[in-house]
file target28.csv (CSV, C-alpha atoms)
chain,number,residue,atom,x,y,z
A,1,MET,CA,0.8,10.0,7.9
A,2,TYR,CA,1.5,6.3,7.4
A,3,ASN,CA,4.4,4.4,6.0
A,4,VAL,CA,2.3,1.7,4.4
A,5,ARG,CA,5.2,-0.2,2.9
A,6,GLU,CA,6.8,-0.4,6.4
A,7,MET,CA,3.5,-1.5,7.9
A,8,LEU,CA,3.1,-4.2,5.2
A,9,ASN,CA,6.6,-5.5,5.8
A,10,GLY,CA,6.2,-5.3,9.6
A,11,PHE,CA,3.0,-7.4,9.5
A,12,VAL,CA,4.4,-10.1,7.2
A,13,GLY,CA,7.7,-10.1,9.1
A,14,GLY,CA,5.9,-10.2,12.4
A,15,LEU,CA,4.0,-13.3,11.3
A,16,GLU,CA,7.2,-15.0,10.2
A,17,ASN,CA,8.9,-14.1,13.4
A,18,LEU,CA,6.0,-15.3,15.6
A,19,ALA,CA,6.0,-18.6,13.6
A,20,THR,CA,9.5,-19.4,15.0
A,21,THR,CA,8.0,-19.6,18.6
A,22,ASN,CA,4.3,-20.3,17.9
A,23,GLY,CA,4.4,-22.2,14.6
A,24,GLU,CA,1.3,-24.3,15.3
A,25,ALA,CA,-0.9,-21.2,16.0
A,26,VAL,CA,0.5,-19.2,13.0
A,27,GLY,CA,0.2,-22.3,10.8
A,28,ALA,CA,-3.4,-22.7,11.8
A,29,PHE,CA,-4.1,-19.0,11.0
A,30,MET,CA,-2.4,-19.2,7.7
A,31,GLY,CA,-4.2,-22.4,6.9
A,32,LEU,CA,-7.5,-20.7,7.5
A,33,LEU,CA,-6.5,-17.8,5.3
A,34,GLY,CA,-5.4,-20.2,2.6
A,35,ALA,CA,-8.7,-22.0,2.6
A,36,ALA,CA,-10.8,-18.8,2.8
A,37,TYR,CA,-9.0,-17.2,-0.1
A,38,GLU,CA,-8.9,-20.2,-2.4
A,39,PRO,CA,-10.9,-19.3,-5.5
A,40,GLY,CA,-14.2,-21.0,-5.8
A,41,ALA,CA,-17.6,-19.6,-6.6
A,42,VAL,CA,-16.0,-16.3,-5.7
A,43,ASP,CA,-12.7,-15.4,-7.3
A,44,LEU,CA,-9.6,-14.2,-5.4
A,45,LYS,CA,-9.9,-10.6,-6.6
A,46,THR,CA,-13.5,-10.3,-5.3
A,47,LYS,CA,-12.5,-11.9,-2.0
A,48,GLU,CA,-9.7,-9.3,-1.6
A,49,LEU,CA,-12.1,-6.5,-2.4
A,50,ILE,CA,-14.5,-7.8,0.3
A,51,SER,CA,-11.5,-7.9,2.6
A,52,VAL,CA,-10.6,-4.3,1.9
A,53,ALA,CA,-14.2,-3.3,2.7
A,54,ILE,CA,-14.2,-5.3,6.0
A,55,GLY,CA,-10.8,-3.8,6.9
A,56,CYS,CA,-12.2,-0.3,6.4
A,57,TYR,CA,-15.4,-1.2,8.3
A,58,ASN,CA,-13.4,-2.7,11.3
A,59,ARG,CA,-10.8,0.1,11.2
A,60,CYS,CA,-8.0,-2.5,11.1
A,61,GLU,CA,-5.0,-0.7,9.7
A,62,TYR,CA,-3.0,-3.8,9.0
A,63,CYS,CA,-5.9,-5.4,7.3
A,64,ILE,CA,-6.4,-2.4,5.1
A,65,VAL,CA,-2.7,-2.3,4.2
A,66,TYR,CA,-2.3,-6.0,3.6
A,67,HIS,CA,-5.6,-6.5,1.6
A,68,SER,CA,-5.2,-3.4,-0.5
A,69,TYR,CA,-1.9,-4.8,-1.6
A,70,LYS,CA,-3.3,-8.2,-2.2
A,71,ALA,CA,-6.3,-6.8,-4.1
A,72,LEU,CA,-4.0,-4.9,-6.4
A,73,GLU,CA,-1.9,-8.1,-6.8
A,74,ALA,CA,-5.0,-10.0,-7.7
A,75,GLY,CA,-5.8,-7.6,-10.5
A,76,ALA,CA,-8.2,-5.1,-8.8
A,77,THR,CA,-8.1,-1.5,-10.0
A,78,LYS,CA,-7.9,1.5,-7.8
A,79,GLU,CA,-11.4,2.3,-8.7
A,80,GLU,CA,-12.7,-1.2,-7.7
A,81,ILE,CA,-10.9,-1.0,-4.4
A,82,ILE,CA,-12.3,2.5,-3.6
A,83,GLU,CA,-15.8,1.3,-4.6
A,84,ALA,CA,-15.5,-1.7,-2.3
A,85,ALA,CA,-14.4,0.7,0.5
A,86,MET,CA,-17.4,2.9,-0.2
A,87,VAL,CA,-19.7,-0.1,0.5
A,88,SER,CA,-18.1,-0.3,4.0
A,89,VAL,CA,-18.9,3.4,4.5
A,90,ALA,CA,-22.6,2.6,4.0
A,91,PHE,CA,-22.4,0.3,7.1
A,92,GLY,CA,-19.6,2.0,9.1
A,93,GLY,CA,-20.2,5.7,8.5
A,94,GLY,CA,-17.6,8.3,9.3
A,95,PRO,CA,-14.9,6.0,10.7
A,96,SER,CA,-14.9,3.9,7.6
A,97,MET,CA,-14.8,7.0,5.4
A,98,ALA,CA,-11.9,8.3,7.4
A,99,TYR,CA,-9.8,5.2,6.8
A,100,SER,CA,-10.9,5.1,3.2
A,101,VAL,CA,-9.7,8.6,2.5
A,102,THR,CA,-6.5,8.4,4.4
A,103,LEU,CA,-4.8,5.0,4.9
A,104,LEU,CA,-6.4,3.3,2.0
A,105,LYS,CA,-5.6,6.2,-0.3
A,106,GLU,CA,-2.0,6.1,0.8
A,107,CYS,CA,-1.9,2.3,0.1
A,108,LEU,CA,-3.2,2.8,-3.4
A,109,GLU,CA,-0.7,5.5,-4.1
A,110,GLU,CA,2.2,3.5,-2.8
A,111,PHE,CA,1.4,0.0,-4.1
A,112,ALA,CA,-0.3,0.6,-7.4
A,113,ASN,CA,2.9,1.0,-9.3
A,114,ASP,CA,4.0,-2.4,-8.0
A,115,PHE,CA,1.5,-4.0,-10.3
A,116,THR,CA,1.4,-1.9,-13.4
A,117,ALA,CA,3.4,-2.8,-16.5

call {"tool": "encode", "arguments": {"input": "target28.csv", "output": "structure tokens"}}
result
Amino acid sequence: MYNVREMLNGFVGGLENLATTNGEAVGAFMGLLGAAYEPGAVDLKTKELISVAIGCYNRCEYCIVYHSYKALEAGATKEEIIEAAMVSVAFGGGPSMAYSVTLLKECLEEFANDFTA
């Protein structure tokens, strides 16, 4: 299946590596993310749950991996993350379900212990 920890580290490391040659573009991207995920009327946990759902809907493997990790980090439970993913299934059908029951499931199994006491 997937090595989700390797995928997470590869994505984050890839951004850092790209920033050495394309700092302005990576900085702009990171600035947009920073602004979008700043808590406001919607808190960070909810924004990360939305991101998980969008990742499952769009079938973006790295989005699913990154945002499931960030959702857990923001205090979301496995149940909340799965429920958010099920909303994506209402719009994305079978492909969204496939990513929810495979990649997302593996992410939750791998990352959940990182954030439990």

call {"tool": "atom_distance", "arguments": {"input": "target28.csv", "atom1": "CA of Cys56 in chain A", "atom2": "CA of Phe91 in chain A"}}
result
10.2 Å

call {"tool": "closest_atom_pairs", "arguments": {"input": "target28.csv", "of": "range 63-92 of chain A", "to": "range 97-109 of chain A", "cutoff": "8 Å", "atoms": "all atoms listed in the file", "output": "tab-separated table"}}
result
residue	atom	partner	partner_atom	distance
A:Ile64	CA	A:Leu104	CA	6.5
A:Val65	CA	A:Cys107	CA	6.2
A:Ser68	CA	A:Cys107	CA	6.6
A:Tyr69	CA	A:Cys107	CA	7.3
A:Lys78	CA	A:Leu108	CA	6.6
A:Ile82	CA	A:Ser100	CA	7.4
A:Ala85	CA	A:Ser100	CA	6.2
A:Met86	CA	A:Met97	CA	7.4
A:Val89	CA	A:Met97	CA	5.5
A:Gly92	CA	A:Met97	CA	7.9

call {"tool": "atom_distance", "arguments": {"input": "target28.csv", "atom1": "CA of Gly75 in chain A", "atom2": "CA of Val52 in chain A"}}
result
13.7 Å

call {"tool": "residues_around", "arguments": {"input": "target28.csv", "residues": "Thr116 in chain A", "least_positions_apart": "5", "cutoff": "10 Å", "atoms": "only C-alpha atoms", "output": "PyMOL selection string"}}
result
chain A and resi 72-73+75+111

call {"tool": "closest_residue", "arguments": {"input": "target28.csv", "among": "A:Gly40, A:Phe11, A:Ala28, A:Glu16", "to": "His67 in chain A", "atoms": "only C-alpha atoms"}}
result
A:Phe11

call {"tool": "atom_distance", "arguments": {"input": "target28.csv", "atom1": "CA of Leu8 in chain A", "atom2": "CA of Thr77 in chain A"}}
result
19.1 Å

call {"tool": "closest_residue", "arguments": {"input": "target28.csv", "among": "A:Thr46, A:Tyr2, A:Ile54, A:Leu15", "to": "Ala90 in chain A", "atoms": "all atoms listed in the file"}}
result
A:Ile54

call {"tool": "closest_residue", "arguments": {"input": "target28.csv", "among": "A:Ala76, A:Ala25, A:Leu18, A:Tyr62", "to": "Leu44 in chain A", "atoms": "only C-alpha atoms"}}
result
A:Ala76

call {"tool": "closest_residue", "arguments": {"input": "target28.csv", "among": "A:Lys47, A:Arg5, A:Ala71, A:Asp114", "to": "Leu33 in chain A", "atoms": "all atoms listed in the file"}}
result
A:Lys47

call {"tool": "closest_residue", "arguments": {"input": "target28.csv", "among": "A:Cys60, A:Ile50, A:Ala19, A:Val42", "to": "Ser88 in chain A", "atoms": "all atoms listed in the file"}}
result
A:Ile50

call {"tool": "build_atoms", "arguments": {"input": "target28.csv", "residues": "range 23-34 of chain A", "atoms": "all heavy atoms", "output": "PDB file, keeping the file's coordinate frame"}}
result
ATOM      1  N   GLY A  23       4.644 -21.746  15.990  1.00  0.00           N
ATOM      2  CA  GLY A  23       4.400 -22.200  14.600  1.00  0.00           C
ATOM      3  C   GLY A  23       3.034 -22.871  14.445  1.00  0.00           C
ATOM      4  O   GLY A  23       2.409 -22.680  13.405  1.00  0.00           O
ATOM      5  N   GLU A  24       2.562 -23.603  15.431  1.00  0.00           N
ATOM      6  CA  GLU A  24       1.300 -24.300  15.300  1.00  0.00           C
ATOM      7  C   GLU A  24       0.133 -23.255  15.161  1.00  0.00           C
ATOM      8  O   GLU A  24      -0.729 -23.387  14.304  1.00  0.00           O
ATOM      9  CB  GLU A  24       1.022 -25.209  16.465  1.00  0.00           C
ATOM     10  CG  GLU A  24      -0.189 -26.099  16.260  1.00  0.00           C
ATOM     11  CD  GLU A  24      -0.335 -27.140  17.360  1.00  0.00           C
ATOM     12  OE1 GLU A  24       0.689 -27.577  17.919  1.00  0.00           O
ATOM     13  OE2 GLU A  24      -1.480 -27.517  17.635  1.00  0.00           O
ATOM     14  N   ALA A  25       0.158 -22.239  16.000  1.00  0.00           N
ATOM     15  CA  ALA A  25      -0.900 -21.200  16.000  1.00  0.00           C
ATOM     16  C   ALA A  25      -0.839 -20.411  14.663  1.00  0.00           C
ATOM     17  O   ALA A  25      -1.870 -20.174  14.020  1.00  0.00           O
ATOM     18  CB  ALA A  25      -0.791 -20.295  17.165  1.00  0.00           C
ATOM     19  N   VAL A  26       0.366 -19.978  14.289  1.00  0.00           N
ATOM     20  CA  VAL A  26       0.500 -19.200  13.000  1.00  0.00           C
ATOM     21  C   VAL A  26       0.140 -20.097  11.854  1.00  0.00           C
ATOM     22  O   VAL A  26      -0.541 -19.648  10.924  1.00  0.00           O
ATOM     23  CB  VAL A  26       1.937 -18.641  12.905  1.00  0.00           C
ATOM     24  CG1 VAL A  26       2.138 -17.997  11.533  1.00  0.00           C
ATOM     25  CG2 VAL A  26       2.212 -17.624  14.004  1.00  0.00           C
ATOM     26  N   GLY A  27       0.545 -21.353  11.876  1.00  0.00           N
ATOM     27  CA  GLY A  27       0.200 -22.300  10.800  1.00  0.00           C
ATOM     28  C   GLY A  27      -1.307 -22.462  10.672  1.00  0.00           C
ATOM     29  O   GLY A  27      -1.846 -22.515   9.559  1.00  0.00           O
ATOM     30  N   ALA A  28      -1.988 -22.549  11.809  1.00  0.00           N
ATOM     31  CA  ALA A  28      -3.400 -22.700  11.800  1.00  0.00           C
ATOM     32  C   ALA A  28      -4.096 -21.452  11.184  1.00  0.00           C
ATOM     33  O   ALA A  28      -5.019 -21.550  10.363  1.00  0.00           O
ATOM     34  CB  ALA A  28      -3.974 -22.953  13.196  1.00  0.00           C
ATOM     35  N   PHE A  29      -3.602 -20.286  11.581  1.00  0.00           N
ATOM     36  CA  PHE A  29      -4.100 -19.000  11.000  1.00  0.00           C
ATOM     37  C   PHE A  29      -3.896 -18.958   9.533  1.00  0.00           C
ATOM     38  O   PHE A  29      -4.810 -18.633   8.771  1.00  0.00           O
ATOM     39  CB  PHE A  29      -3.438 -17.845  11.743  1.00  0.00           C
ATOM     40  CG  PHE A  29      -3.816 -16.503  11.190  1.00  0.00           C
ATOM     41  CD1 PHE A  29      -5.081 -15.970  11.398  1.00  0.00           C
ATOM     42  CD2 PHE A  29      -2.902 -15.750  10.459  1.00  0.00           C
ATOM     43  CE1 PHE A  29      -5.431 -14.723  10.888  1.00  0.00           C
ATOM     44  CE2 PHE A  29      -3.232 -14.507   9.952  1.00  0.00           C
ATOM     45  CZ  PHE A  29      -4.506 -14.001  10.163  1.00  0.00           C
ATOM     46  N   MET A  30      -2.680 -19.293   9.105  1.00  0.00           N
ATOM     47  CA  MET A  30      -2.400 -19.200   7.700  1.00  0.00           C
ATOM     48  C   MET A  30      -3.155 -20.278   6.898  1.00  0.00           C
ATOM     49  O   MET A  30      -3.551 -20.038   5.763  1.00  0.00           O
ATOM     50  CB  MET A  30      -0.853 -19.413   7.466  1.00  0.00           C
ATOM     51  CG  MET A  30      -0.006 -18.292   8.084  1.00  0.00           C
ATOM     52  SD  MET A  30      -0.492 -16.623   7.606  1.00  0.00           S
ATOM     53  CE  MET A  30       0.035 -16.616   5.906  1.00  0.00           C
ATOM     54  N   GLY A  31      -3.401 -21.426   7.513  1.00  0.00           N
ATOM     55  CA  GLY A  31      -4.200 -22.400   6.900  1.00  0.00           C
ATOM     56  C   GLY A  31      -5.660 -21.964   6.652  1.00  0.00           C
ATOM     57  O   GLY A  31      -6.257 -22.202   5.599  1.00  0.00           O
ATOM     58  N   LEU A  32      -6.199 -21.286   7.656  1.00  0.00           N
ATOM     59  CA  LEU A  32      -7.500 -20.700   7.500  1.00  0.00           C
ATOM     60  C   LEU A  32      -7.586 -19.687   6.422  1.00  0.00           C
ATOM     61  O   LEU A  32      -8.495 -19.691   5.579  1.00  0.00           O
ATOM     62  CB  LEU A  32      -7.992 -20.110   8.853  1.00  0.00           C
ATOM     63  CG  LEU A  32      -9.316 -19.357   8.837  1.00  0.00           C
ATOM     64  CD1 LEU A  32     -10.469 -20.291   8.461  1.00  0.00           C
ATOM     65  CD2 LEU A  32      -9.573 -18.698  10.174  1.00  0.00           C
ATOM     66  N   LEU A  33      -6.582 -18.804   6.404  1.00  0.00           N
ATOM     67  CA  LEU A  33      -6.500 -17.800   5.300  1.00  0.00           C
ATOM     68  C   LEU A  33      -6.426 -18.462   3.966  1.00  0.00           C
ATOM     69  O   LEU A  33      -7.111 -18.060   3.022  1.00  0.00           O
ATOM     70  CB  LEU A  33      -5.335 -16.868   5.529  1.00  0.00           C
ATOM     71  CG  LEU A  33      -5.441 -15.819   6.614  1.00  0.00           C
ATOM     72  CD1 LEU A  33      -4.165 -14.984   6.663  1.00  0.00           C
ATOM     73  CD2 LEU A  33      -6.648 -14.933   6.418  1.00  0.00           C
ATOM     74  N   GLY A  34      -5.562 -19.470   3.873  1.00  0.00           N
ATOM     75  CA  GLY A  34      -5.400 -20.200   2.600  1.00  0.00           C
ATOM     76  C   GLY A  34      -6.702 -20.766   2.104  1.00  0.00           C
ATOM     77  O   GLY A  34      -7.045 -20.656   0.921  1.00  0.00           O
TER      78      GLY A  34
END
